[in-house]
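protein_20.cif (mmCIF, C-alpha atoms and all ligand atoms)
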data_run
loop_
_atom_site.group_PDB
_atom_site.id
_atom_site.type_symbol
_atom_site.label_atom_id
_atom_site.label_comp_id
_atom_site.auth_asym_id
_atom_site.auth_seq_id
_atom_site.Cartn_x
_atom_site.Cartn_y
_atom_site.Cartn_z
ATOM 1 C CA MET A 9 0.000 0.000 0.000
ATOM 2 C CA THR A 10 1.466 3.302 -1.074
ATOM 3 C CA ARG A 11 0.004 6.324 0.638
ATOM 4 C CA ILE A 12 0.124 9.749 -1.010
ATOM 5 C CA LEU A 13 -0.700 12.975 0.793
ATOM 6 C CA VAL A 14 -2.295 15.572 -1.486
ATOM 7 C CA VAL A 15 -2.076 19.119 -0.111
ATOM 8 C CA GLU A 16 -4.469 21.276 -2.094
ATOM 9 C CA ASP A 17 -7.148 23.735 -1.013
ATOM 10 C CA GLU A 18 -9.067 23.750 -4.287
ATOM 11 C CA ALA A 19 -11.634 21.043 -3.608
ATOM 12 C CA HIS A 20 -12.315 20.103 -7.238
ATOM 13 C CA LEU A 21 -8.624 19.656 -7.928
ATOM 14 C CA ALA A 22 -8.058 17.649 -4.739
ATOM 15 C CA GLU A 23 -10.997 15.412 -5.615
ATOM 16 C CA GLY A 24 -9.827 14.921 -9.186
ATOM 17 C CA LEU A 25 -6.321 14.012 -7.996
ATOM 18 C CA THR A 26 -7.678 11.648 -5.371
ATOM 19 C CA PHE A 27 -9.921 9.906 -7.867
ATOM 20 C CA ASN A 28 -7.145 9.405 -10.376
ATOM 21 C CA LEU A 29 -4.456 8.388 -7.905
ATOM 22 C CA GLU A 30 -6.790 5.887 -6.268
ATOM 23 C CA ALA A 31 -7.493 4.476 -9.709
ATOM 24 C CA GLU A 32 -3.724 3.917 -9.989
ATOM 25 C CA GLY A 33 -3.791 1.918 -6.762
ATOM 26 C CA TYR A 34 -2.558 4.541 -4.304
ATOM 27 C CA VAL A 35 -4.157 5.312 -0.968
ATOM 28 C CA VAL A 36 -4.749 9.065 -0.872
ATOM 29 C CA ASP A 37 -5.078 11.471 2.048
ATOM 30 C CA VAL A 38 -5.981 15.112 1.442
ATOM 31 C CA ALA A 39 -4.972 18.101 3.539
ATOM 32 C CA ASP A 40 -6.508 21.415 2.555
ATOM 33 C CA ASP A 41 -3.896 23.612 4.178
ATOM 34 C CA GLY A 42 -0.233 23.515 5.119
ATOM 35 C CA GLU A 43 -0.673 23.279 8.883
ATOM 36 C CA THR A 44 -2.897 20.229 8.493
ATOM 37 C CA ALA A 45 -0.334 18.669 6.181
ATOM 38 C CA LEU A 46 2.473 19.183 8.709
ATOM 39 C CA GLU A 47 0.361 17.696 11.494
ATOM 40 C CA ARG A 48 -0.471 14.733 9.320
ATOM 41 C CA LEU A 49 3.180 14.147 8.449
ATOM 42 C CA ALA A 50 4.301 14.544 12.060
ATOM 43 C CA THR A 51 2.039 11.781 13.338
ATOM 44 C CA GLY A 52 3.421 8.936 11.284
ATOM 45 C CA HIS A 53 5.817 7.943 8.574
ATOM 46 C CA ASP A 54 3.329 6.065 6.448
ATOM 47 C CA VAL A 55 3.177 8.699 3.687
ATOM 48 C CA ALA A 56 5.299 7.650 0.706
ATOM 49 C CA ALA A 57 5.136 10.976 -1.142
ATOM 50 C CA VAL A 58 3.494 14.386 -0.964
ATOM 51 C CA VAL A 59 1.845 16.300 -3.807
ATOM 52 C CA LEU A 60 2.039 19.858 -2.532
ATOM 53 C CA ASP A 61 0.393 22.947 -3.998
ATOM 54 C CA VAL A 62 2.359 26.175 -3.556
ATOM 55 C CA MET A 63 -0.702 28.389 -3.209
ATOM 56 C CA LEU A 64 -2.435 27.479 0.037
ATOM 57 C CA PRO A 65 -4.357 29.434 2.645
ATOM 58 C CA GLY A 66 -2.172 30.150 5.695
ATOM 59 C CA ILE A 67 1.398 28.961 5.285
ATOM 60 C CA SER A 68 2.537 28.361 1.715
ATOM 61 C CA GLY A 69 3.773 25.170 0.128
ATOM 62 C CA PHE A 70 7.299 26.610 0.382
ATOM 63 C CA ASP A 71 6.919 26.913 4.145
ATOM 64 C CA VAL A 72 5.576 23.376 4.383
ATOM 65 C CA VAL A 73 8.501 21.787 2.591
ATOM 66 C CA ALA A 74 11.073 23.970 4.366
ATOM 67 C CA SER A 75 9.567 23.007 7.708
ATOM 68 C CA LEU A 76 9.677 19.310 6.839
ATOM 69 C CA ARG A 77 13.322 19.483 5.807
ATOM 70 C CA GLU A 78 14.265 21.430 8.938
ATOM 71 C CA LYS A 79 12.805 18.597 10.976
ATOM 72 C CA GLY A 80 14.868 16.082 9.042
ATOM 73 C CA GLU A 81 11.807 14.673 7.284
ATOM 74 C CA PHE A 82 12.773 13.715 3.747
ATOM 75 C CA VAL A 83 9.525 12.341 2.365
ATOM 76 C CA PRO A 84 9.583 13.011 -1.414
ATOM 77 C CA VAL A 85 7.706 16.196 -2.325
ATOM 78 C CA LEU A 86 6.283 16.999 -5.755
ATOM 79 C CA MET A 87 5.402 20.677 -5.828
ATOM 80 C CA LEU A 88 2.601 22.145 -7.938
ATOM 81 C CA THR A 89 3.536 25.611 -9.149
ATOM 82 C CA ALA A 90 1.970 28.286 -11.312
ATOM 83 C CA ARG A 91 3.180 28.107 -14.906
ATOM 84 C CA SER A 92 3.438 31.886 -15.052
ATOM 85 C CA ARG A 93 5.863 31.961 -12.126
ATOM 86 C CA PRO A 94 9.011 29.988 -12.969
ATOM 87 C CA GLU A 95 10.763 31.634 -10.012
ATOM 88 C CA ASP A 96 8.420 29.628 -7.799
ATOM 89 C CA VAL A 97 10.049 26.471 -9.063
ATOM 90 C CA LEU A 98 13.417 27.617 -7.852
ATOM 91 C CA ARG A 99 12.017 28.762 -4.535
ATOM 92 C CA GLY A 100 10.490 25.312 -4.191
ATOM 93 C CA PHE A 101 13.813 23.644 -4.893
ATOM 94 C CA GLU A 102 15.558 25.898 -2.419
ATOM 95 C CA ALA A 103 12.975 25.039 0.198
ATOM 96 C CA GLY A 104 13.705 21.356 -0.404
ATOM 97 C CA ALA A 105 11.119 20.119 -2.923
ATOM 98 C CA ASP A 106 12.193 17.122 -5.010
ATOM 99 C CA ASP A 107 10.331 17.848 -8.203
ATOM 100 C CA TYR A 108 7.734 20.234 -9.552
ATOM 101 C CA LEU A 109 4.917 20.380 -12.036
ATOM 102 C CA PRO A 110 3.427 23.616 -13.358
ATOM 103 C CA LYS A 111 -0.341 23.953 -13.219
ATOM 104 C CA PRO A 112 -2.351 23.081 -15.188
ATOM 105 C CA PHE A 113 -0.764 19.681 -15.706
ATOM 106 C CA GLU A 114 -1.684 16.456 -17.406
ATOM 107 C CA LEU A 115 -2.514 13.650 -15.023
ATOM 108 C CA ALA A 116 -0.337 11.195 -16.915
ATOM 109 C CA ILE A 117 2.646 13.458 -16.335
ATOM 110 C CA LEU A 118 1.881 13.850 -12.654
ATOM 111 C CA GLN A 119 1.661 10.102 -12.289
ATOM 112 C CA ALA A 120 4.946 9.587 -14.104
ATOM 113 C CA ARG A 121 6.682 12.134 -11.869
ATOM 114 C CA LEU A 122 5.235 10.524 -8.792
ATOM 115 C CA ARG A 123 6.472 7.113 -9.898
ATOM 116 C CA GLY A 124 9.915 8.634 -10.397
ATOM 117 C CA LEU A 125 9.953 10.017 -6.858
ATOM 118 C CA LEU A 126 8.751 6.763 -5.368
ATOM 119 C CA ARG A 127 11.381 4.836 -7.287
ATOM 120 C CA ARG A 128 14.057 7.088 -5.813
ATOM 121 C CA ARG A 129 12.702 6.316 -2.415
ATOM 122 C CA GLU A 130 12.982 2.610 -3.090
ATOM 123 C CA TRP A 131 16.598 3.057 -4.119
ATOM 124 C CA SER A 132 17.347 4.949 -0.964
ATOM 125 C CA ARG A 133 15.932 2.067 1.053
ATOM 126 C CA GLY A 134 18.230 -0.350 -0.709
ATOM 127 C CA GLU A 135 15.467 -2.196 -2.504
ATOM 128 C CA PRO A 136 16.179 -3.547 -5.972
ATOM 129 C CA ALA A 137 16.438 -0.725 -8.445
ATOM 130 C CA SER A 138 14.737 -0.965 -11.791
ATOM 131 C CA GLN A 139 17.304 1.298 -13.391
ATOM 132 C CA LYS A 140 21.059 1.171 -13.681
ATOM 133 C CA PRO A 141 22.624 2.128 -10.353
ATOM 134 C CA ILE A 142 24.612 5.340 -10.133
ATOM 135 C CA LEU A 143 27.877 4.653 -8.370
ATOM 136 C CA PRO A 144 29.024 6.863 -5.499
ATOM 137 C CA ILE A 145 31.960 9.159 -6.208
ATOM 138 C CA GLU A 146 34.739 10.509 -4.004
ATOM 139 C CA VAL A 147 35.469 14.220 -3.954
ATOM 140 C CA ASN A 148 37.793 15.943 -1.531
ATOM 141 C CA GLY A 149 37.596 13.129 1.012
ATOM 142 C CA ARG A 150 33.810 13.083 0.835
ATOM 143 C CA THR A 151 31.687 10.344 -0.643
ATOM 144 C CA ILE A 152 28.735 11.512 -2.702
ATOM 145 C CA ASP A 153 26.137 8.788 -2.901
ATOM 146 C CA PHE A 154 23.600 9.783 -5.534
ATOM 147 C CA GLU A 155 21.301 6.871 -4.817
ATOM 148 C CA GLU A 156 21.209 7.249 -1.056
ATOM 149 C CA LEU A 157 21.077 11.028 -1.551
ATOM 150 C CA GLU A 158 23.857 11.347 0.984
ATOM 151 C CA LEU A 159 27.189 13.030 1.288
ATOM 152 C CA ARG A 160 29.464 11.313 3.774
ATOM 153 C CA ALA A 161 32.588 12.782 5.335
ATOM 154 C CA GLY A 162 34.031 10.452 7.953
ATOM 155 C CA ASP A 163 31.119 9.595 10.205
ATOM 156 C CA GLN A 164 29.260 12.769 9.302
ATOM 157 C CA VAL A 165 26.342 12.262 6.929
ATOM 158 C CA THR A 166 24.584 15.107 5.114
ATOM 159 C CA ARG A 167 21.244 14.401 3.506
ATOM 160 C CA LEU A 168 20.935 15.870 -0.003
ATOM 161 C CA THR A 169 17.633 16.848 -1.522
ATOM 162 C CA THR A 170 16.909 15.295 -4.913
ATOM 163 C CA MET A 171 17.495 18.697 -6.469
ATOM 164 C CA GLU A 172 20.861 19.152 -4.820
ATOM 165 C CA ALA A 173 21.923 15.654 -5.829
ATOM 166 C CA ASP A 174 20.714 16.156 -9.399
ATOM 167 C CA LEU A 175 22.535 19.470 -9.790
ATOM 168 C CA LEU A 176 25.723 18.015 -8.363
ATOM 169 C CA ARG A 177 25.482 14.989 -10.612
ATOM 170 C CA PHE A 178 24.809 17.191 -13.641
ATOM 171 C CA LEU A 179 28.046 19.086 -12.958
ATOM 172 C CA VAL A 180 30.043 15.967 -12.041
ATOM 173 C CA GLU A 181 29.041 14.255 -15.296
ATOM 174 C CA ARG A 182 30.401 17.297 -17.139
ATOM 175 C CA GLU A 183 33.617 17.379 -15.143
ATOM 176 C CA GLY A 184 36.113 19.927 -16.397
ATOM 177 C CA SER A 185 33.572 21.617 -18.691
ATOM 178 C CA VAL A 186 31.901 24.934 -18.080
ATOM 179 C CA VAL A 187 28.169 24.485 -17.526
ATOM 180 C CA SER A 188 26.198 27.657 -18.083
ATOM 181 C CA ARG A 189 23.354 28.726 -15.829
ATOM 182 C CA LYS A 190 21.135 28.673 -18.909
ATOM 183 C CA VAL A 191 21.879 24.992 -19.504
ATOM 184 C CA ILE A 192 21.141 24.211 -15.854
ATOM 185 C CA LEU A 193 17.796 25.992 -16.133
ATOM 186 C CA THR A 194 16.706 24.498 -19.430
ATOM 187 C CA ASP A 195 18.351 21.072 -19.615
ATOM 188 C CA LEU A 196 18.346 20.047 -15.973
ATOM 189 C CA TRP A 197 15.280 21.752 -14.592
ATOM 190 C CA GLY A 198 13.128 22.242 -17.681
ATOM 191 C CA LEU A 199 12.694 25.958 -17.037
ATOM 192 C CA ARG A 200 12.697 28.876 -19.444
ATOM 193 C CA GLU A 201 16.129 30.302 -20.016
ATOM 194 C CA ASP A 202 15.072 33.784 -18.856
ATOM 195 C CA THR A 203 14.253 32.508 -15.363
ATOM 196 C CA ASP A 204 16.059 34.272 -12.535
ATOM 197 C CA THR A 205 19.309 32.408 -11.986
ATOM 198 C CA ARG A 206 20.026 33.514 -8.424
ATOM 199 C CA ALA A 207 18.567 30.304 -7.053
ATOM 200 C CA ILE A 208 21.259 28.350 -8.889
ATOM 201 C CA ASP A 209 23.890 30.430 -7.153
ATOM 202 C CA ASN A 210 22.206 29.735 -3.819
ATOM 203 C CA PHE A 211 22.303 26.022 -4.554
ATOM 204 C CA ILE A 212 25.982 26.212 -5.397
ATOM 205 C CA VAL A 213 26.683 28.057 -2.152
ATOM 206 C CA ARG A 214 24.977 25.230 -0.308
ATOM 207 C CA LEU A 215 26.787 22.497 -2.206
ATOM 208 C CA ARG A 216 30.101 24.230 -1.533
ATOM 209 C CA ARG A 217 29.425 24.114 2.177
ATOM 210 C CA TYR A 218 29.161 20.337 1.825
ATOM 211 C CA LEU A 219 32.104 19.771 -0.491
ATOM 212 C CA GLU A 220 34.716 22.436 -0.010
ATOM 213 C CA ASP A 221 37.244 22.836 2.794
ATOM 214 C CA VAL A 222 36.972 26.610 2.438
ATOM 215 C CA PRO A 223 33.586 27.318 0.795
ATOM 216 C CA SER A 224 34.531 30.926 0.037
ATOM 217 C CA ARG A 225 37.572 29.681 -1.923
ATOM 218 C CA PRO A 226 36.109 26.766 -3.871
ATOM 219 C CA LYS A 227 38.389 24.301 -5.612
ATOM 220 C CA HIS A 228 35.790 21.824 -6.849
ATOM 221 C CA LEU A 229 32.659 23.834 -7.631
ATOM 222 C CA VAL A 230 34.320 26.680 -9.451
ATOM 223 C CA THR A 231 32.566 29.819 -10.688
ATOM 224 C CA VAL A 232 33.286 30.729 -14.296
ATOM 225 C CA ARG A 233 32.627 34.423 -14.272
ATOM 226 C CA GLY A 234 29.717 35.576 -16.372
ATOM 227 C CA VAL A 235 28.891 32.063 -17.563
ATOM 228 C CA GLY A 236 28.266 29.436 -14.956
ATOM 229 C CA TYR A 237 30.053 26.709 -13.080
ATOM 230 C CA LYS A 238 32.614 23.990 -13.531
ATOM 231 C CA PHE A 239 33.189 20.872 -11.478
ATOM 232 C CA VAL A 240 36.840 20.039 -10.856
ATOM 233 C CA ALA A 241 37.503 16.627 -9.328
ATOM 234 C CA SER A 242 41.143 17.051 -8.341
ATOM 235 C CA ASP A 243 42.215 19.791 -5.976
ATOM 236 C CA GLY A 244 43.696 22.058 -8.587
ATOM 237 C CA ARG A 245 47.381 21.108 -8.665
ATOM 238 C CA GLY A 246 47.092 19.511 -12.095
ATOM 239 C CA SER A 247 46.173 21.406 -15.213
ATOM 240 C CA GLU A 248 44.001 23.817 -13.280
ATOM 241 C CA ALA A 249 45.351 27.317 -12.938
HETATM 242 CA CA CA B 301 -4.154 26.096 -4.141
#

Write the structure described by the file as structure tokens, please.
Amino acid sequence: MTRILVVEDEAHLAEGLTFNLEAEGYVVDVADDGETALERLATGHDVAAVVLDVMLPGISGFDVVASLREKGEFVPVLMLTARSRPEDVLRGFEAGADDYLPKPFELAILQARLRGLLRRREWSRGEPASQKPILPIEVNGRTIDFEELELRAGDQVTRLTTMEADLLRFLVEREGSVVSRKVILTDLWGLREDTDTRAIDNFIVRLRRYLEDVPSRPKHLVTVRGVGYKFVASDGRGSEA
């Protein structure tokens, strides 16, 4: 039994989602505001994923996901955003959402995204993966485990959000190459290229805190002025200037 919590104040939309998700075999709970959702998630760990609208009465979807992450609750969150507000997507990622879907959306796409999030969760529990595993990598004495969504340094473990892990992996796979902010927006996150890029910079700041010895003088997540970022695996004594 896979339980999904739908957080949506628009009754017709909540009902439509419930109907369709139940038809897919999920058990669905609905919360019509953020406070109710947080209470529901605090009382048990039986929810496999959350479909979370940004626009809610009272606290917003951003506040809900940020509050969950602060409490160390990493249930997968699919955020529903307004199509006209791409900056909301980035705010959602910063708050700790795992994926997003602009409204209005097609149900088939929502279901596919949800399956993707649930599959991730299975990986992180060590259950058999249906896709090729992504091997952990070592950077600067840290182990980045993209499947467990963890960064390990000695006995210290940092939990990565899906978005943080995906951005890091995107850069790692392009090691040594400059990756522009535009490419991160369009190719990784599916956003329009004129979206505000400050959120990317905020993500990088966060990733540097995890990876770098001196985050203000990065050696691995390097800024390429006016363009974007470059991942450097070694510590800069090789061909790097
Ligand atoms: Ca709403």

Review point. For the file shown, what are the residues hit by the PyMOL selection byres (((chain A and resi 74) around 9) and not hetatm), laid out as a PyMOL selection string?
Key: chain A and resi 69-73+75-79+100+102-105

Convert the current residue selection to file output with C-alpha atoms, as a CSV table (one decimal), in the frame of the given file.
chain,number,residue,atom,x,y,z
A,69,GLY,CA,3.8,25.2,0.1
A,70,PHE,CA,7.3,26.6,0.4
A,71,ASP,CA,6.9,26.9,4.1
A,72,VAL,CA,5.6,23.4,4.4
A,73,VAL,CA,8.5,21.8,2.6
A,75,SER,CA,9.6,23.0,7.7
A,76,LEU,CA,9.7,19.3,6.8
A,77,ARG,CA,13.3,19.5,5.8
A,78,GLU,CA,14.3,21.4,8.9
A,79,LYS,CA,12.8,18.6,11.0
A,100,GLY,CA,10.5,25.3,-4.2
A,102,GLU,CA,15.6,25.9,-2.4
A,103,ALA,CA,13.0,25.0,0.2
A,104,GLY,CA,13.7,21.4,-0.4
A,105,ALA,CA,11.1,20.1,-2.9

Exercise for review: Check which residues satisfy the PyMOL selection byres (((chain A and resi 211-214) around 8) and not hetatm) in the file shown, then give them as JSON, numbers by chain.
Suggested key: {"A": [102, 172, 207, 208, 209, 210, 215, 216, 217, 218, 223, 229]}

For segment 185-197 of chain A, please output as a compact mmCIF listing (two decimals) with C-alpha atoms, in the frame of the given file all residues within 6 Å (counting only C-alpha atoms; exclusion window: fewer than 4 positions along the same chain).
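And here's out_5.txt as it stands now:
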# COMPACT_ATOMS: atom_id res chain seq x y z
CA GLU A 201 16.13 30.30 -20.02
CA VAL A 235 28.89 32.06 -17.56
CA GLY A 236 28.27 29.44 -14.96
CA TYR A 237 30.05 26.71 -13.08
CA LYS A 238 32.61 23.99 -13.53

Practice item. Please give me, as a list of chain:residue names, the residues lying within 6 Å of ligand CA 301 (chain B) when counting only C-alpha atoms and all ligand atoms. Key: A:Glu16, A:Asp17, A:Glu18, A:Asp61, A:Met63, A:Leu64

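Interatomic distance, atom CA of Arg48 of chain A to atom CA of Leu168 of chain A: 23.4 Å.
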
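Note that the spacing between atom CA of Glu158 of chain A and atom CA of Arg99 of chain A amounts to 21.8 Å.
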
Review point. Do you know which residues lie at most 12 Å from (35.1, 18.6, 0.7), with coordinates as in the file and only C-alpha atoms counted, and could you write them as an MDAnalysis selection string?
Key: chainID A and resid 146:152 159:162 164 166 215:223 225:229 240:243

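The closest residue to Ala50 of chain A, picked from A:Ile12, A:Ala22, A:Val232, A:Val83 and counting all atoms listed in the file, is A:Val83.
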
Mind working out the centre and edge lengths of an axis-aligned box for segment 27-43 of chain A, all listed atoms inside, 5 Å added to each side, rounded to one decimal in Å and written as lines of an AutoDock Vina configuration file?
center_x = -5.1
center_y = 12.8
center_z = -0.7
size_x = 19.7
size_y = 31.7
size_z = 29.3

Distance query 12 Å from (-6.1, 16.3, -9.9) using only C-alpha atoms, result as a PDB file with C-alpha atoms, in the frame of the given file:
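The resulting file, result_5.pdb, is reproduced below:
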ATOM      1  CA  VAL A  14      -2.295  15.572  -1.486  1.00  0.00           C
ATOM      2  CA  VAL A  15      -2.076  19.119  -0.111  1.00  0.00           C
ATOM      3  CA  GLU A  16      -4.469  21.276  -2.094  1.00  0.00           C
ATOM      4  CA  ASP A  17      -7.148  23.735  -1.013  1.00  0.00           C
ATOM      5  CA  GLU A  18      -9.067  23.750  -4.287  1.00  0.00           C
ATOM      6  CA  ALA A  19     -11.634  21.043  -3.608  1.00  0.00           C
ATOM      7  CA  HIS A  20     -12.315  20.103  -7.238  1.00  0.00           C
ATOM      8  CA  LEU A  21      -8.624  19.656  -7.928  1.00  0.00           C
ATOM      9  CA  ALA A  22      -8.058  17.649  -4.739  1.00  0.00           C
ATOM     10  CA  GLU A  23     -10.997  15.412  -5.615  1.00  0.00           C
ATOM     11  CA  GLY A  24      -9.827  14.921  -9.186  1.00  0.00           C
ATOM     12  CA  LEU A  25      -6.321  14.012  -7.996  1.00  0.00           C
ATOM     13  CA  THR A  26      -7.678  11.648  -5.371  1.00  0.00           C
ATOM     14  CA  PHE A  27      -9.921   9.906  -7.867  1.00  0.00           C
ATOM     15  CA  ASN A  28      -7.145   9.405 -10.376  1.00  0.00           C
ATOM     16  CA  LEU A  29      -4.456   8.388  -7.905  1.00  0.00           C
ATOM     17  CA  GLU A  30      -6.790   5.887  -6.268  1.00  0.00           C
ATOM     18  CA  ALA A  31      -7.493   4.476  -9.709  1.00  0.00           C
ATOM     19  CA  VAL A  36      -4.749   9.065  -0.872  1.00  0.00           C
ATOM     20  CA  VAL A  38      -5.981  15.112   1.442  1.00  0.00           C
ATOM     21  CA  VAL A  59       1.845  16.300  -3.807  1.00  0.00           C
ATOM     22  CA  LEU A  60       2.039  19.858  -2.532  1.00  0.00           C
ATOM     23  CA  ASP A  61       0.393  22.947  -3.998  1.00  0.00           C
ATOM     24  CA  LEU A  88       2.601  22.145  -7.938  1.00  0.00           C
ATOM     25  CA  LEU A 109       4.917  20.380 -12.036  1.00  0.00           C
ATOM     26  CA  LYS A 111      -0.341  23.953 -13.219  1.00  0.00           C
ATOM     27  CA  PRO A 112      -2.351  23.081 -15.188  1.00  0.00           C
ATOM     28  CA  PHE A 113      -0.764  19.681 -15.706  1.00  0.00           C
ATOM     29  CA  GLU A 114      -1.684  16.456 -17.406  1.00  0.00           C
ATOM     30  CA  LEU A 115      -2.514  13.650 -15.023  1.00  0.00           C
ATOM     31  CA  ALA A 116      -0.337  11.195 -16.915  1.00  0.00           C
ATOM     32  CA  ILE A 117       2.646  13.458 -16.335  1.00  0.00           C
ATOM     33  CA  LEU A 118       1.881  13.850 -12.654  1.00  0.00           C
ATOM     34  CA  GLN A 119       1.661  10.102 -12.289  1.00  0.00           C
TER      35      GLN A 119
END
